[in-house]
Structures are given as C-alpha cells and as structure tokens.
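Colleague: Dropping a structure here in structure tokens format, bear with me for questions.
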Amino acid sequence: MKTPGEIASTLLNLSEREFFADDSEFLWNRKVRLLDIAFEGVAINAPRTVDTAQRTKLPVVMGIRMTGTRASDVPETEHVLLCATDLDTGEVRLARAFFDTKAAEFGEDEPPPSRERYEGDSAQVRLYDARERLSLPWKTATLSVCFLCYDWVSNVVPVALTGPDAPEKGVVATIRPEPDLAPPEKKRLFGKAKANLPCFRQTAQSPPAPKDGLAVRVDEETFTEDHLLPIHGAFTTVARPRHILGKPVVHAYSGAGEARAVAVVPITMIVLCLGERFPRRIEWGVPVYGAGAVATGTPLTGYFSLDALTGAEPPLGPGPYVAHFLLEGTVLGPLRFEVPAPR
C-alpha cells in the first residue's frame with residue numbers, strides 16, 4: 001500500500017508549467033493512473049517556492065482514492081478541508097476544499113448535496129488555488145500545507161512565498177486556558193484523586209515527549225459530565241522568536257511549587273463529525289516551563305492536561321467525532337472519541 005508521500009512524489013509531481021496551467025484537463029490521465037495504484041487516502045503536492053511578484057495563485061494538487069463504501073459514507077465534497085500554517089506568525093487557516101467563496105463567508109450553512117451510493121473504487125485528482133480558498137495575504141511567508149478528509153490526513157507540504165517584502169513577525173500567543181492552580185480536589189474517582197484541569201506541568205499521566213512533534217493520550221479514567229474529553233499531551237518543537245516571553249510568567253501550583261513559563265507554543269485542535277460540513281476549532285497557548293532564558297533554534301518541550309472540548313462552539317452533541325492537532329505545521333490525528341448522550 002502506497003503512502004501519501006509516495007503518491008505526492010510520483011503521481012502528483014507536477015511541473016511548474018502544469019501547476020500554473022489555465023486548465024486542468026491534463027489531470028485526467030493521473031486520475032486514471034491513481035485508480036490502478038494500491039492506495040487509500042489523500043495526498044497533495046505544491047510548488048516549493050512561489051514568487052508573489054510573478055504569480056497570482058498558490059496551486060495545490062490533491063489526489064484522493066476511496067472504496068465505494070468510503071465514498072458513500074464520507075463524500076469528499078463535504079469533508080475535505082485545506083489547512084495552512086504560517087510558520088512566521090503561527091496563524092492557522094482552514095477552508096473547505098469545495099466551497100463557493102462568492103456565495104458566503106466560511107462557516108455559513110448551505111443546503112447539503114444529494115447523497116450518492118458508489119459501488120466500486122473511485123479516485124479524483126484536482127487542482128486548487130490555496131490563495132483564493134484560504135484568503136491568504138499575498139506576501140512573503142513560510143507555509144505548511146495539508147488536507148484533511150474526516151479521519152484521513154494528507155502528507156504535509158512546505159511552501160515558501162517569496163517577494164520584495166520581509167516576512168511578517170508573529171507575536172507571543174496568550175496562555176490559554178489559564179491553569180487551575182487550586183489545591184487538588186479531595187473527591188476520588190475510580191479510586192484515584194481527581195486531577196485539576198487545566199495543568200501544564202508534566203504529570204504521571206503525561207505521555208513521553210517526542211523528539212519532534214506532538215503526542216496525545218485520552219485519560220479515560222477521568223471522564224465525567226464536566227470533562228467530555230480529558231487529554232494529556234507532550235510536545236517538542238524548535239523555539240521561534242514568537243514563542244519566547246520577554247518576561248517569565250510564574251504559575252504557583254498549590255502543593256507543587258512555582259513554575260516559570262518562559263515560552264508559549266500555540267496548538268490548534270480541529271474537531272470533525274460525519275454529516276457536519278464545518279469544523280470546530282479550539283486554540284490553545286501552552287506555556288513551556290524552564291529555569292533559564294530560551295534561545296531561538298533550541299528545542300522547546302512542553303506538557304498539557306486539559307479538557308479538550310472546553311470552548312468548542314457550538315457545543316458538541318452526542319455521537320462519534322475525530323480530532324486533529326496542528327503544531328507548528330505538523331499534524332497529529334485522528335483521535336477518535338465519542339460524546340455520550342445526557343443521562
């Protein structure tokens with residue numbers, strides 16, 4: 001079975017002339033070839049460099065191959081999302097791949113299309129203008145681009161937008177949510193002390209921090225009516241100027257002493273549900289604790305324990321969901337979970 005990266009580097013290896021062609025009829029042959037490849041999933045490719053002074057669009061080619069059952073249950077026209085992270089500013093932009101930008105702003109409800117049932121495997125290869133879809137500022141920037149299709153994640157493609165202007169400088173994210181510094185509750189749940197959430201210290205429930213990227217685990221022992229999705233996470237990323245706090249922020253955890261936040265790393269969680277055409281997104285600013293100053297380019301390792309669904313708008317109804325986590329251009333997911341029905 002081929003990986004998205006392998007499909008991107010072979011079938012989707014378009015030339016610059018093809019990326020910027022006025023029509024995309026030439027993609028038909030690649031669609032036919034994709035049907036003959038042992039692959040299920042979504043893959044993308046894009047030019048690694050785009051001169052904003054010479055070009056007016058950011059082309060991204062997507063190839064998706066599905067079984068008939070998958071195509072019927074997860075229609076690509078309803079569930080494919082284009083995601084881009086600006087690594088200079090930390091901003092994350094999302095847009096539905098199939099969306100009429102002239103009809104409404106992102107998020108407005110539209111009548112659902114009629115559902116079709118597919119018997120055999122299907123494949124599509126399409127070109128998108130990420131600048132138009134995402135309303136990207138047409139300026140010098142370093143982007144990380146990917147596609148999500150419910151529980152599928154494409155490969156991630158780096159794109160450098162170049163031009164006469166300097167890249168925009170980001171600002172340090174706000175620490176959010178604020179940690180719960182109160183003494184731990186004495187109430188016990190399943191024989192263990194109930195933890196205070198949110199917490200940004202390493203705990204016994206924290207997963208090991210990866211050398212690069214993000215790790216997340218669901219704390220199934222602390223599900224309550226108030227905690228719909230309690231999770232523990234750990235990450236390591238390279239320090240950028242927009243991460244580093246000019247002055248440390250002190251968090252005095254009751255019974256655990258003080259912790260000095262020297263940096264803040266933004267994490268975006270995207271929550272998707274079958275049949276819902278628009279994502280929920282939740283933004284966190286996770287403090288990184290340390291004893292000394294942080295230098296740009298050095299590793300930052302942080303931890304978080306929180307109820308991931310706090311702040312979800314609109315609130316999630318009962319049923320199954322998937323979540324993806326975006327950290328500095330990398331993607332972790334899917335994390336599957338279910339919101340229980342009210343008792």
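Here's how to read the names in the structure tokens: chain A, B, ... by the order shown, residue numbers from 1 in each chain, ligand numbers from 1 in the order shown.
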Which residues come within 7 Å of A:Ala130, counting only C-alpha atoms, excluding same-chain residues fewer than 4 positions away, as a list of chain:residue names?
Modeller: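 Listing them by chain and then by number gives A:Leu58, A:Pro59, A:Val60, A:Leu134.
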Colleague: Please produce a file of those selected residues containing N, CA, C and O atoms, as a tab-separated table (two decimals), in the first residue's frame.
Modeller:
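Done, and the output landed in again03.tsv:
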```
chain	number	residue	atom	x	y	z
A	58	LEU	N	-1.58	30.25	-5.56
A	58	LEU	CA	-0.81	29.17	-4.93
A	58	LEU	C	-1.49	27.85	-5.27
A	58	LEU	O	-2.46	27.46	-4.61
A	59	PRO	N	-1.05	27.17	-6.32
A	59	PRO	CA	-1.71	25.93	-6.73
A	59	PRO	C	-1.34	24.76	-5.82
A	59	PRO	O	-0.18	24.59	-5.45
A	60	VAL	N	-2.34	23.98	-5.46
A	60	VAL	CA	-2.15	22.75	-4.70
A	60	VAL	C	-2.91	21.65	-5.42
A	60	VAL	O	-4.11	21.79	-5.69
A	134	LEU	N	-8.10	30.08	0.92
A	134	LEU	CA	-7.75	30.44	2.29
A	134	LEU	C	-7.69	31.95	2.52
A	134	LEU	O	-7.41	32.39	3.64
```
Colleague: Select from stretch 127-227 of chain A everything DSSP, run on the backbone, classes as helix (DSSP H, G or I), then give the selection as a ChimeraX atom specification.
Modeller: /A:130-134,220-222
Colleague: Would you save the residues from that selection as a short mmCIF file (atom, residue, chain, number, x, y, z; two decimals), in the first residue's frame, using C-alpha atoms?
Modeller:
```cif
data_model
loop_
_atom_site.label_atom_id
_atom_site.label_comp_id
_atom_site.auth_asym_id
_atom_site.auth_seq_id
_atom_site.Cartn_x
_atom_site.Cartn_y
_atom_site.Cartn_z
CA ALA A 130 -4.92 27.86 -1.93
CA ARG A 131 -4.54 31.63 -2.07
CA GLU A 132 -8.19 32.05 -3.03
CA ARG A 133 -9.55 29.25 -0.84
CA LEU A 134 -7.75 30.44 2.29
CA GLU A 220 -10.40 7.55 30.00
CA GLU A 221 -10.37 7.24 33.79
CA THR A 222 -11.48 10.84 34.37
#
```
Colleague: Give me the residues near A:Val125 as a list of chain:residue names, where near means some atom within 7 Å (using only C-alpha atoms) and where sequence neighbours in that chain fewer than 6 positions away do not count.
Modeller: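 Using only C-alpha atoms, the neighbours found are A:Leu27, A:Arg30, A:Lys31, A:Met62, A:Gly63, A:Ile64.
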Colleague: Mind writing the picked residues with N, CA and C atoms as a PDB file, in the first residue's frame?
Modeller:
```
ATOM      1  N   LEU A  27      -5.018  16.506 -15.973  1.00  0.00           N
ATOM      2  CA  LEU A  27      -5.032  15.671 -14.771  1.00  0.00           C
ATOM      3  C   LEU A  27      -5.841  14.397 -14.950  1.00  0.00           C
ATOM      4  N   ARG A  30      -3.797  11.264 -14.833  1.00  0.00           N
ATOM      5  CA  ARG A  30      -3.305  10.961 -13.490  1.00  0.00           C
ATOM      6  C   ARG A  30      -4.405  10.363 -12.623  1.00  0.00           C
ATOM      7  N   LYS A  31      -5.638  10.803 -12.836  1.00  0.00           N
ATOM      8  CA  LYS A  31      -6.768  10.212 -12.125  1.00  0.00           C
ATOM      9  C   LYS A  31      -6.914   8.739 -12.498  1.00  0.00           C
ATOM     10  N   MET A  62      -4.426  17.850  -5.375  1.00  0.00           N
ATOM     11  CA  MET A  62      -4.859  16.829  -4.427  1.00  0.00           C
ATOM     12  C   MET A  62      -5.271  15.576  -5.179  1.00  0.00           C
ATOM     13  N   GLY A  63      -4.808  14.437  -4.716  1.00  0.00           N
ATOM     14  CA  GLY A  63      -5.266  13.142  -5.212  1.00  0.00           C
ATOM     15  C   GLY A  63      -5.910  12.374  -4.080  1.00  0.00           C
ATOM     16  N   ILE A  64      -7.101  11.829  -4.329  1.00  0.00           N
ATOM     17  CA  ILE A  64      -7.806  11.071  -3.291  1.00  0.00           C
ATOM     18  C   ILE A  64      -8.360   9.803  -3.917  1.00  0.00           C
TER      19      ILE A  64
END
```
Colleague: So which residues touch stretch 40-45 of chain A within 9 Å, counting only C-alpha atoms, skipping near sequence neighbours fewer than 4 positions away, as a ChimeraX atom specification?
Modeller: /A:1-9,12-14,59-67,145-149,152-157
Colleague: From the options A:His251, A:Glu76, A:Gly302, A:Leu316, which residue's atoms come nearest to A:Pro279, counting only C-alpha atoms?
Modeller: A:Leu316
Colleague: Restricting the calculation to only C-alpha atoms: of A:Thr142, A:Ser15, A:Thr296, A:Thr268, which residue gets closest to A:Leu309?
Modeller: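 Comparing A:Thr142, A:Ser15, A:Thr296, A:Thr268 against A:Leu309, the winner is A:Thr268.
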Colleague: Between A:Ala204, A:Ala166, A:Ala173, A:Val92, which has the minimum distance to A:Ala263 (counting only C-alpha atoms)?
Modeller: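 Of the candidates, the smallest distance to A:Ala263 is held by A:Ala173.
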Colleague: Between atom CA of A:Leu82 and atom CA of A:His324, measure the distance and give it in Å to one decimal.
Modeller: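 Atom-to-atom, atom CA of A:Leu82 and atom CA of A:His324 are spaced 12.9 Å apart.
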Colleague: So the first atom is atom CA of A:Pro241 and the second is atom CA of A:Leu143; what is the distance between them in Å, to one decimal place?
Modeller: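 Atom CA of A:Leu143 lies 16.6 Å from atom CA of A:Pro241.
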Colleague: Of the candidates A:Ala182, A:Val265, A:Leu161, A:Ile175, which one gets nearest to A:Pro137 if we count only C-alpha atoms?
Modeller: A:Leu161
Colleague: Would you give me, as a ChimeraX atom specification, the residues in stretch 1-147 of chain A that DSSP reads as strand (DSSP E)?
Modeller: /A:41-45,49-51,59-66,80-86,92-96,122-129,141-147
Colleague: As a list in words, please: the residues near A:Glu328 (cut-off 8 Å, only C-alpha atoms, same-chain neighbours under 4 positions excluded).
Modeller: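 Final neighbour list, sorted by chain and number: Thr85, Leu87, Gly90, Thr237, Pro266 and Ile267 of chain A.
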Colleague: Filtering to C-alpha atoms, could you give me those residues as a compact mmCIF listing (two decimals), in the first residue's frame?
Modeller:
```
# COMPACT_ATOMS: atom_id res chain seq x y z
CA THR A 85 0.02 27.21 8.90
CA LEU A 87 5.25 29.44 10.38
CA GLY A 90 1.77 30.90 13.80
CA THR A 237 9.35 21.91 18.75
CA PRO A 266 0.17 27.59 20.06
CA ILE A 267 -1.71 24.36 19.31
```
Colleague: Could you jot down the atom CA of A:Val171 to atom CA of A:Arg242 separation for me, Å, one decimal place?
Modeller: 5.0 Å
Colleague: Between A:Cys273, A:Leu326, A:Val74, A:Arg126, which residue has the minimum interatomic distance to A:Glu18, considering only C-alpha atoms?
Modeller: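 Answer, going by the shortest atom-to-atom distance: A:Arg126.
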Colleague: Could you name the residues that touch A:Leu197 at 9 Å or less, counting only C-alpha atoms, but leaving out those on the same chain fewer than 5 positions away, as an MDAnalysis selection string?
Modeller: chainID A and resid 179:181 230 305:307
Colleague: Of the candidates A:Glu258, A:Glu168, A:Asp36, A:Asp23, which shows the shortest atom-to-atom distance to A:Arg201, using only C-alpha atoms?
Modeller: A:Glu258
Colleague: Neighbouring residues of A:Pro334 were defined as those with any atom within 7 Å, considering only C-alpha atoms; residues of the same chain fewer than 4 positions away were excluded. Please report them as a compact mmCIF listing (two decimals) with all heavy atoms, in the first residue's frame.
Modeller:
```txt
# COMPACT_ATOMS: atom_id res chain seq x y z
N ASP A 151 -11.23 11.47 8.87
CA ASP A 151 -10.18 10.81 9.62
C ASP A 151 -8.92 10.53 8.80
O ASP A 151 -8.02 9.83 9.25
CB ASP A 151 -10.70 9.50 10.22
CG ASP A 151 -11.29 8.56 9.18
OD1 ASP A 151 -11.48 8.98 8.01
OD2 ASP A 151 -11.59 7.39 9.51
N VAL A 322 -13.88 12.93 15.38
CA VAL A 322 -12.43 12.79 15.28
C VAL A 322 -11.81 14.16 15.51
O VAL A 322 -12.42 15.19 15.20
CB VAL A 322 -11.97 12.22 13.93
CG1 VAL A 322 -12.53 10.82 13.71
CG2 VAL A 322 -12.34 13.14 12.77
N ALA A 323 -10.61 14.16 16.05
CA ALA A 323 -9.88 15.41 16.28
C ALA A 323 -8.50 15.29 15.67
O ALA A 323 -7.87 14.22 15.68
CB ALA A 323 -9.77 15.69 17.78
N HIS A 324 -8.03 16.42 15.12
CA HIS A 324 -6.66 16.54 14.62
C HIS A 324 -6.00 17.71 15.34
O HIS A 324 -6.65 18.71 15.65
CB HIS A 324 -6.66 16.79 13.10
CG HIS A 324 -7.32 15.71 12.30
ND1 HIS A 324 -6.68 14.56 11.91
CD2 HIS A 324 -8.59 15.62 11.82
CE1 HIS A 324 -7.51 13.80 11.21
NE2 HIS A 324 -8.68 14.42 11.16
```
